[in-house]
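Trainee: Pasting coords_26.tsv below, which is TSV, C-alpha atoms.
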chain	number	residue	atom	x	y	z
U	613	MET	CA	120.90	96.95	77.20
U	614	ALA	CA	120.80	93.59	79.05
U	615	SER	CA	120.08	90.43	77.05
U	616	GLU	CA	116.55	89.04	77.14
U	617	PRO	CA	117.39	86.03	79.39
U	618	ALA	CA	119.19	88.31	81.87
U	619	SER	CA	116.34	90.84	81.77
U	620	ARG	CA	113.85	88.05	82.34
U	621	GLN	CA	115.76	86.82	85.38
U	622	ILE	CA	115.93	90.32	86.85
U	623	PHE	CA	112.25	90.95	86.16
U	624	LEU	CA	111.05	87.62	87.57
U	625	GLY	CA	113.39	87.90	90.55
U	626	SER	CA	112.10	91.36	91.42
U	627	ALA	CA	108.51	90.25	90.95
U	628	ALA	CA	109.07	87.18	93.13
U	629	LEU	CA	110.49	89.32	95.94
U	630	ILE	CA	107.50	91.66	95.81
U	631	VAL	CA	105.02	88.78	95.81
U	632	ALA	CA	106.86	87.00	98.65
U	633	ALA	CA	106.98	90.18	100.75
U	634	SER	CA	103.29	90.90	100.19
U	635	ALA	CA	102.41	87.28	101.02
U	636	VAL	CA	104.36	87.43	104.28
U	637	VAL	CA	102.74	90.71	105.30
U	638	THR	CA	99.32	89.30	104.42
U	639	ILE	CA	99.90	86.17	106.52
U	640	VAL	CA	101.06	88.28	109.47
U	641	SER	CA	98.02	90.56	109.09
U	642	CYS	CA	95.70	87.55	108.98
U	643	ALA	CA	97.29	86.14	112.13
U	644	SER	CA	96.94	89.50	113.87
U	645	MET	CA	93.30	89.79	112.82
U	646	SER	CA	92.58	86.23	113.96
U	647	ALA	CA	94.09	87.00	117.35
U	648	THR	CA	91.52	89.75	117.89
U	649	GLY	CA	88.74	87.22	117.37
U	650	GLY	CA	85.34	88.32	116.15
U	651	MET	CA	81.92	89.32	117.37
U	652	PRO	CA	79.35	86.51	117.87
U	653	MET	CA	76.15	87.44	116.08
U	654	PRO	CA	72.53	86.24	116.18
U	655	GLY	CA	72.20	83.40	113.72
U	656	GLY	CA	75.25	81.51	114.98
U	657	TRP	CA	77.97	83.24	112.98
U	658	THR	CA	80.89	85.52	113.85
U	659	MET	CA	81.48	88.96	112.37
U	660	SER	CA	85.04	89.76	111.34
U	661	MET	CA	86.68	92.69	113.11
U	662	ALA	CA	87.86	93.92	109.69
U	663	TRP	CA	84.54	95.76	109.31
U	664	MET	CA	84.66	97.51	112.69
U	665	ARG	CA	86.69	100.23	114.35
U	666	MET	CA	89.15	99.40	117.07
U	667	PRO	CA	88.71	101.25	120.41
U	668	GLY	CA	89.71	104.90	119.95
U	669	GLN	CA	90.01	104.54	116.18
U	670	THR	CA	88.27	106.95	113.82
U	671	TRP	CA	86.45	105.76	110.70
U	672	PRO	CA	89.02	107.35	108.34
U	673	ASN	CA	91.79	105.55	110.22
U	674	ALA	CA	89.83	102.29	110.11
U	675	ALA	CA	89.34	102.69	106.36
U	676	ALA	CA	93.03	103.48	105.85
U	677	SER	CA	94.03	100.41	107.89
U	678	PHE	CA	91.70	98.20	105.86
U	679	LEU	CA	92.94	99.61	102.56
U	680	GLY	CA	96.57	99.08	103.52
U	681	MET	CA	95.82	95.46	104.32
U	682	TRP	CA	93.68	95.12	101.18
U	683	ILE	CA	96.31	96.48	98.78
U	684	VAL	CA	99.02	94.18	100.10
U	685	MET	CA	96.61	91.25	99.88
U	686	MET	CA	95.69	92.13	96.29
U	687	VAL	CA	99.37	92.28	95.30
U	688	ALA	CA	99.82	88.76	96.67
U	689	MET	CA	96.63	87.43	95.06
U	690	MET	CA	96.68	89.09	91.64
U	691	SER	CA	100.39	89.08	90.85
U	692	PRO	CA	100.57	85.41	89.73
U	693	SER	CA	98.24	86.21	86.82
U	694	LEU	CA	99.49	89.78	86.30
U	695	ILE	CA	103.23	89.08	86.08
U	696	PRO	CA	103.13	87.23	82.71
U	697	LEU	CA	101.30	90.16	81.15
U	698	LEU	CA	103.75	92.68	82.61
U	699	TRP	CA	106.61	90.64	81.19
U	700	ARG	CA	105.09	90.77	77.71
U	701	TYR	CA	104.55	94.47	78.20
U	702	SER	CA	108.17	94.95	79.26
U	703	LEU	CA	109.39	93.13	76.13
U	704	ALA	CA	107.23	95.31	73.88
U	705	ILE	CA	108.15	98.67	75.38
U	706	GLY	CA	111.77	97.70	76.10
U	707	ARG	CA	112.49	97.95	72.40
U	708	ILE	CA	110.81	101.35	72.27
U	709	GLY	CA	111.16	102.99	75.65
U	710	GLY	CA	114.71	102.00	76.51
U	711	ARG	CA	115.55	102.87	80.09
U	712	ARG	CA	112.09	104.36	80.55
U	713	SER	CA	110.55	100.88	80.44
U	714	ASP	CA	110.99	100.22	84.19
U	715	GLY	CA	109.13	103.42	85.04
U	716	LEU	CA	106.38	102.65	82.55
U	717	ILE	CA	105.92	99.16	84.01
U	718	ALA	CA	105.71	100.68	87.48
U	719	LEU	CA	103.10	103.21	86.31
U	720	ALA	CA	101.01	100.51	84.61
U	721	SER	CA	101.18	98.39	87.78
U	722	ALA	CA	100.21	101.40	89.92
U	723	GLY	CA	97.22	102.09	87.68
U	724	TYR	CA	96.17	98.45	87.89
U	725	PHE	CA	96.31	98.29	91.68
U	726	PHE	CA	94.69	101.73	91.99
U	727	THR	CA	91.52	100.20	90.57
U	728	TRP	CA	91.70	97.47	93.19
U	729	THR	CA	92.16	100.16	95.86
U	730	VAL	CA	88.91	101.80	94.74
U	731	PHE	CA	87.26	98.36	94.77
U	732	GLY	CA	88.53	97.83	98.33
U	733	LEU	CA	87.24	101.21	99.49
U	734	ALA	CA	83.80	100.36	98.11
U	735	ALA	CA	83.94	96.94	99.80
U	736	PHE	CA	84.91	98.46	103.16
U	737	THR	CA	82.19	101.11	102.97
U	738	ALA	CA	79.53	98.52	102.17
U	739	GLY	CA	80.87	96.07	104.76
U	740	ALA	CA	81.06	98.68	107.54
U	741	LEU	CA	77.52	99.91	106.83
U	742	LEU	CA	76.17	96.37	106.75
U	743	ALA	CA	78.00	95.52	109.99
U	744	ALA	CA	76.48	98.55	111.72
U	745	MET	CA	73.00	97.55	110.52
U	746	GLU	CA	73.46	93.96	111.67
U	747	MET	CA	74.50	95.08	115.15
U	748	GLN	CA	71.49	97.38	115.35
U	749	TRP	CA	68.91	94.95	113.96
U	750	PRO	CA	69.24	91.35	115.22
U	751	TRP	CA	66.70	90.08	112.65
U	752	LEU	CA	69.06	91.18	109.89
U	753	ALA	CA	71.99	89.37	111.49
U	754	ARG	CA	69.94	86.16	111.64
U	755	ILE	CA	69.43	86.03	107.88
U	756	VAL	CA	73.10	86.66	107.07
U	757	PRO	CA	74.09	82.95	106.75
U	758	GLY	CA	71.36	82.32	104.20
U	759	ALA	CA	72.06	85.61	102.38
U	760	ALA	CA	75.76	84.74	102.26
U	761	GLY	CA	74.92	81.41	100.64
U	762	ALA	CA	72.74	83.19	98.09
U	763	MET	CA	75.58	85.58	97.29
U	764	VAL	CA	78.03	82.70	96.76
U	765	LEU	CA	75.44	80.94	94.59
U	766	THR	CA	75.04	84.10	92.48
U	767	ALA	CA	78.82	84.42	92.15
U	768	GLY	CA	78.95	80.87	90.83
U	769	ALA	CA	76.19	81.55	88.30
U	770	LEU	CA	78.11	84.64	87.16
U	771	GLN	CA	80.87	82.31	85.91
U	772	PHE	CA	78.57	81.15	83.10
U	773	THR	CA	77.60	84.59	81.77
U	774	THR	CA	78.85	86.25	78.58
U	775	TRP	CA	79.71	89.28	80.73
U	776	LYS	CA	82.23	87.22	82.67
U	777	THR	CA	83.58	85.62	79.49
U	778	HIS	CA	84.09	89.02	77.85
U	779	HIS	CA	86.11	90.49	80.71
U	780	LEU	CA	88.09	87.28	81.18
U	781	ALA	CA	88.99	87.35	77.48
U	782	CYS	CA	90.22	90.93	77.84
U	783	CYS	CA	92.37	89.95	80.82
U	784	GLN	CA	93.82	86.99	78.92
U	785	ALA	CA	94.47	88.87	75.68
U	786	ALA	CA	95.38	92.35	76.82
U	787	ARG	CA	97.22	92.94	73.56
U	788	SER	CA	93.96	93.00	71.64
U	789	CYS	CA	92.04	94.84	74.36
U	790	CYS	CA	94.60	97.52	75.06
U	791	ARG	CA	96.23	98.29	71.71
U	792	PRO	CA	98.71	99.83	71.14
U	793	TRP	CA	101.20	99.15	73.92
U	794	PRO	CA	101.63	102.57	75.63
U	795	VAL	CA	105.10	104.11	75.76
U	796	GLN	CA	104.23	107.40	77.48
U	797	ALA	CA	103.71	107.86	81.22
U	798	ALA	CA	100.06	108.93	80.99
U	799	ALA	CA	99.29	106.16	78.50
U	800	ALA	CA	100.96	103.55	80.73
U	801	TRP	CA	98.85	104.71	83.68
U	802	ARG	CA	95.67	104.52	81.59
U	803	PHE	CA	96.71	101.07	80.34
U	804	GLY	CA	96.99	99.88	83.94
U	805	LEU	CA	93.64	101.43	84.80
U	806	ARG	CA	91.89	99.75	81.87
U	807	LEU	CA	93.45	96.41	82.69
U	808	GLY	CA	92.46	96.85	86.34
U	809	VAL	CA	88.87	97.67	85.43
U	810	HIS	CA	88.61	94.51	83.31
U	811	CYS	CA	90.19	92.52	86.14
U	812	CYS	CA	87.85	93.93	88.80
U	813	HIS	CA	84.85	93.07	86.62
U	814	CYS	CA	86.23	89.61	85.83
U	815	CYS	CA	87.02	88.83	89.48
U	816	ALA	CA	83.93	90.48	91.02
U	817	GLY	CA	82.18	87.18	91.70
U	818	LEU	CA	85.22	85.40	93.12
U	819	THR	CA	86.13	88.46	95.20
U	820	ALA	CA	82.59	88.47	96.59
U	821	VAL	CA	83.12	84.85	97.59
U	822	LEU	CA	86.28	85.87	99.45
U	823	LEU	CA	84.43	88.66	101.26
U	824	VAL	CA	81.68	86.23	102.27
U	825	LEU	CA	84.01	83.43	103.39
U	826	GLY	CA	86.25	85.85	105.29
U	827	VAL	CA	88.35	88.64	103.88
U	828	MET	CA	91.27	87.63	106.11
U	829	ASP	CA	90.74	83.86	105.95
U	830	LEU	CA	93.94	82.37	104.51
U	831	ARG	CA	92.21	79.24	103.21
U	832	ALA	CA	89.62	81.28	101.34
U	833	MET	CA	92.32	83.63	100.08
U	834	PHE	CA	94.40	80.74	98.74
U	835	ALA	CA	91.38	79.10	97.06
U	836	VAL	CA	90.28	82.33	95.36
U	837	THR	CA	93.85	83.10	94.26
U	838	ALA	CA	94.18	79.62	92.74
U	839	ALA	CA	90.85	80.01	90.93
U	840	ILE	CA	91.70	83.45	89.52
U	841	THR	CA	95.15	82.31	88.38
U	842	ALA	CA	93.84	79.09	86.83
U	843	GLU	CA	91.13	80.73	84.76
U	844	ARG	CA	93.60	83.35	83.49
U	845	LEU	CA	96.51	81.09	82.59
U	846	ALA	CA	95.01	77.69	81.80
U	847	PRO	CA	95.00	76.74	78.08
U	848	ALA	CA	91.28	75.79	78.16
U	849	ALA	CA	90.22	78.79	80.23
U	850	TRP	CA	86.51	78.50	79.41
U	851	ARG	CA	86.43	74.97	80.81
U	852	VAL	CA	88.25	76.04	83.98
U	853	GLU	CA	85.87	78.98	84.30
U	854	GLN	CA	82.88	76.63	84.23
U	855	VAL	CA	84.41	74.11	86.63
U	856	ILE	CA	85.02	76.95	89.09
U	857	GLY	CA	81.42	78.02	88.60
U	858	VAL	CA	80.12	74.54	89.45
U	859	VAL	CA	82.26	74.39	92.61
U	860	VAL	CA	81.14	77.86	93.74
U	861	ILE	CA	77.47	77.07	93.07
U	862	ALA	CA	77.77	73.84	95.09
U	863	THR	CA	79.39	75.82	97.93
U	864	GLY	CA	76.56	78.37	97.86
U	865	LEU	CA	73.94	75.63	97.98
U	866	PHE	CA	75.72	74.03	100.92
U	867	PHE	CA	75.70	77.34	102.81
U	868	ILE	CA	72.00	77.84	102.12
U	869	VAL	CA	71.12	74.32	103.28
U	870	ARG	CA	73.28	74.74	106.39
U	871	ALA	CA	71.54	78.03	107.17
U	872	THR	CA	68.20	76.21	107.24
U	873	GLY	CA	69.54	73.92	109.99
U	874	LEU	CA	69.25	70.76	107.90
U	875	VAL	CA	73.03	70.14	107.96
What do you get writing this file as structure tokens?

Mentor:
Amino acid sequence: MASEPASRQIFLGSAALIVAASAVVTIVSCASMSATGGMPMPGGWTMSMAWMRMPGQTWPNAAASFLGMWIVMMVAMMSPSLIPLLWRYSLAIGRIGGRRSDGLIALASAGYFFTWTVFGLAAFTAGALLAAMEMQWPWLARIVPGAAGAMVLTAGALQFTTWKTHHLACCQAARSCCRPWPVQAAAAWRFGLRLGVHCCHCCAGLTAVLLVLGVMDLRAMFAVTAAITAERLAPAAWRVEQVIGVVVIATGLFFIVRATGLV
């Protein structure tokens, strides 16, 4: 068996390659989506083409295209905070699972990102339905800027709830939330699922902010990734969590004021 420093280098090197590849694909996808432009809507905003079908495309194909883009994006966004946990997991099961540890890590990762795939499918379904309604009813499209500000404001307020704190604590201390470390295939998959569920709950507000600001907006994606990573890995996570909440609330208020035409 390889020494721990060598194993760490291999693990981190492999993880870095995966993150880099997913980041490159995400950037290319964002550029491609930006090139298609968007649809101007009543109320002075532009609807992203991510929520609509391309000419000749079926809804299942549109959903599959969105999910492919979503999964790659989630790998790029969530990996910085997930990798340290997977490394601790690999150390724990490496002493027990031997050569099986690589497969168990892969299964746990697959379970984790499966939950984000389900989240993405729900987001696409809701987004596509809302887009269809907005194109049909102009009055609904006109209130979108204000509603988007209210959603961002709510996401910021969510940062101060015990619900958020509970799920963030489970993401930070997966050892205590997911005991014992699983060393069987089915248990590793369930471990990844449980961790993913906690993560989806913990990141629901910040992910909503991303969806509002633009699911394929690189600036919004970078800001949300930085926020998620900081509140997971920072020593004083509760303080970071609250600072993020203040910034998000201020952003929501700005959007609401702008929607009134005062700014």

Trainee: U:Leu624, U:Ala674, U:Ala832, U:Ala704: which is nearest Met661 in chain U, counting all atoms listed in the file?

Mentor: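 Nearest candidate to Met661 in chain U out of U:Leu624, U:Ala674, U:Ala832, U:Ala704: U:Ala674.
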
Trainee: Show which residues sit within 9 Å of Gly808 in chain U, as a PyMOL selection string. Count all atoms listed in the file, and ignore same-chain residues fewer than 5 positions away.

Mentor: chain U and resi 721+723-728+783+803+813

Trainee: Could you jot down the CA of Gly650 in chain U to CA of Gly758 in chain U separation for me, Å, one decimal place?

Mentor: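 CA of Gly758 in chain U lies at a distance of 19.3 Å from CA of Gly650 in chain U.
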
Trainee: For CA of Met747 in chain U and CA of Met681 in chain U, determine how far apart the two atoms are, in Å to one decimal place.

Mentor: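 Interatomic distance, CA of Met747 in chain U to CA of Met681 in chain U: 23.9 Å.
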
Trainee: Please, what distance in Å, to one decimal, runs between CA of Gly826 in chain U and CA of Arg851 in chain U?

Mentor: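 Distance between the two atoms: 26.8 Å.
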
Trainee: May I have the residues within 12 Å of Val869 in chain U as a VMD selection string, using all atoms listed in the file and disregarding those fewer than 2 positions away in the same chain?

Mentor: chain U and resid 757 to 762 765 862 to 867 871 to 875

Trainee: Keeping C-alpha atoms, export the residues of the selection given above as a PDB file, keeping the file's coordinate frame.

Mentor:
ATOM      1  CA  PRO U 757      74.090  82.950 106.750  1.00  0.00           C
ATOM      2  CA  GLY U 758      71.360  82.320 104.200  1.00  0.00           C
ATOM      3  CA  ALA U 759      72.060  85.610 102.380  1.00  0.00           C
ATOM      4  CA  ALA U 760      75.760  84.740 102.260  1.00  0.00           C
ATOM      5  CA  GLY U 761      74.920  81.410 100.640  1.00  0.00           C
ATOM      6  CA  ALA U 762      72.740  83.190  98.090  1.00  0.00           C
ATOM      7  CA  LEU U 765      75.440  80.940  94.590  1.00  0.00           C
ATOM      8  CA  ALA U 862      77.770  73.840  95.090  1.00  0.00           C
ATOM      9  CA  THR U 863      79.390  75.820  97.930  1.00  0.00           C
ATOM     10  CA  GLY U 864      76.560  78.370  97.860  1.00  0.00           C
ATOM     11  CA  LEU U 865      73.940  75.630  97.980  1.00  0.00           C
ATOM     12  CA  PHE U 866      75.720  74.030 100.920  1.00  0.00           C
ATOM     13  CA  PHE U 867      75.700  77.340 102.810  1.00  0.00           C
ATOM     14  CA  ALA U 871      71.540  78.030 107.170  1.00  0.00           C
ATOM     15  CA  THR U 872      68.200  76.210 107.240  1.00  0.00           C
ATOM     16  CA  GLY U 873      69.540  73.920 109.990  1.00  0.00           C
ATOM     17  CA  LEU U 874      69.250  70.760 107.900  1.00  0.00           C
ATOM     18  CA  VAL U 875      73.030  70.140 107.960  1.00  0.00           C
TER      19      VAL U 875
END

Trainee: Pick from U:Ala797, U:Ile630, U:Ala816, U:Ala839: nearest to Ile695 in chain U, with all atoms listed in the file counted?

Mentor: U:Ile630

Trainee: So, with all atoms listed in the file as the atoms that count, which of U:Ala676, U:Met690, U:Ala800, U:Met645 lies closest to Met833 in chain U?

Mentor: U:Met690

Trainee: Which of these, U:Val809, U:Leu719, U:Met828, U:Leu818, has the shortest distance to Met685 in chain U once you count only C-alpha atoms?

Mentor: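 Ranking U:Val809, U:Leu719, U:Met828, U:Leu818 by distance to Met685 in chain U, first place goes to U:Met828.
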
Trainee: Within 12 Å of Val637 in chain U, counting all atoms listed in the file, which residues qualify if same-chain residues fewer than 2 places away don't, as a list of chain:residue names?

Mentor: U:Ile630, U:Val631, U:Ala632, U:Ala633, U:Ser634, U:Ala635, U:Ile639, U:Val640, U:Ser641, U:Cys642, U:Ala643, U:Ser644, U:Gly680, U:Met681, U:Trp682, U:Ile683, U:Val684, U:Met685, U:Met686, U:Val687, U:Ala688, U:Met828

Trainee: When you look at Thr766 in chain U with a cut-off of 9 Å (counting all atoms listed in the file), what residues show up, excluding the ones that are within fewer than 2 positions of it in the same chain? I need them as a list in words.

Mentor: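 Everything that qualifies: Gly761, Ala762, Met763, Val764, Gly768, Ala769, Leu770, Gln771, Gly817, Val860, Ile861 and Gly864 of chain U.
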
Trainee: Which residue out of U:Cys811, U:Leu733, U:Leu780, U:Ala627 has the minimum interatomic distance to Trp699 in chain U when only C-alpha atoms are used?

Mentor: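 Using only C-alpha atoms, the shortest distance to Trp699 in chain U belongs to U:Ala627.
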
Trainee: Hey, could you pull the box centre and edge lengths for range 812-820 of chain U, axis-aligned, 3 Å padding per side, all listed atoms, to one decimal in Å, as JSON?

Mentor:
{"center_x": 85.0, "center_y": 89.7, "center_z": 91.2, "size_x": 11.7, "size_y": 14.5, "size_z": 16.8}
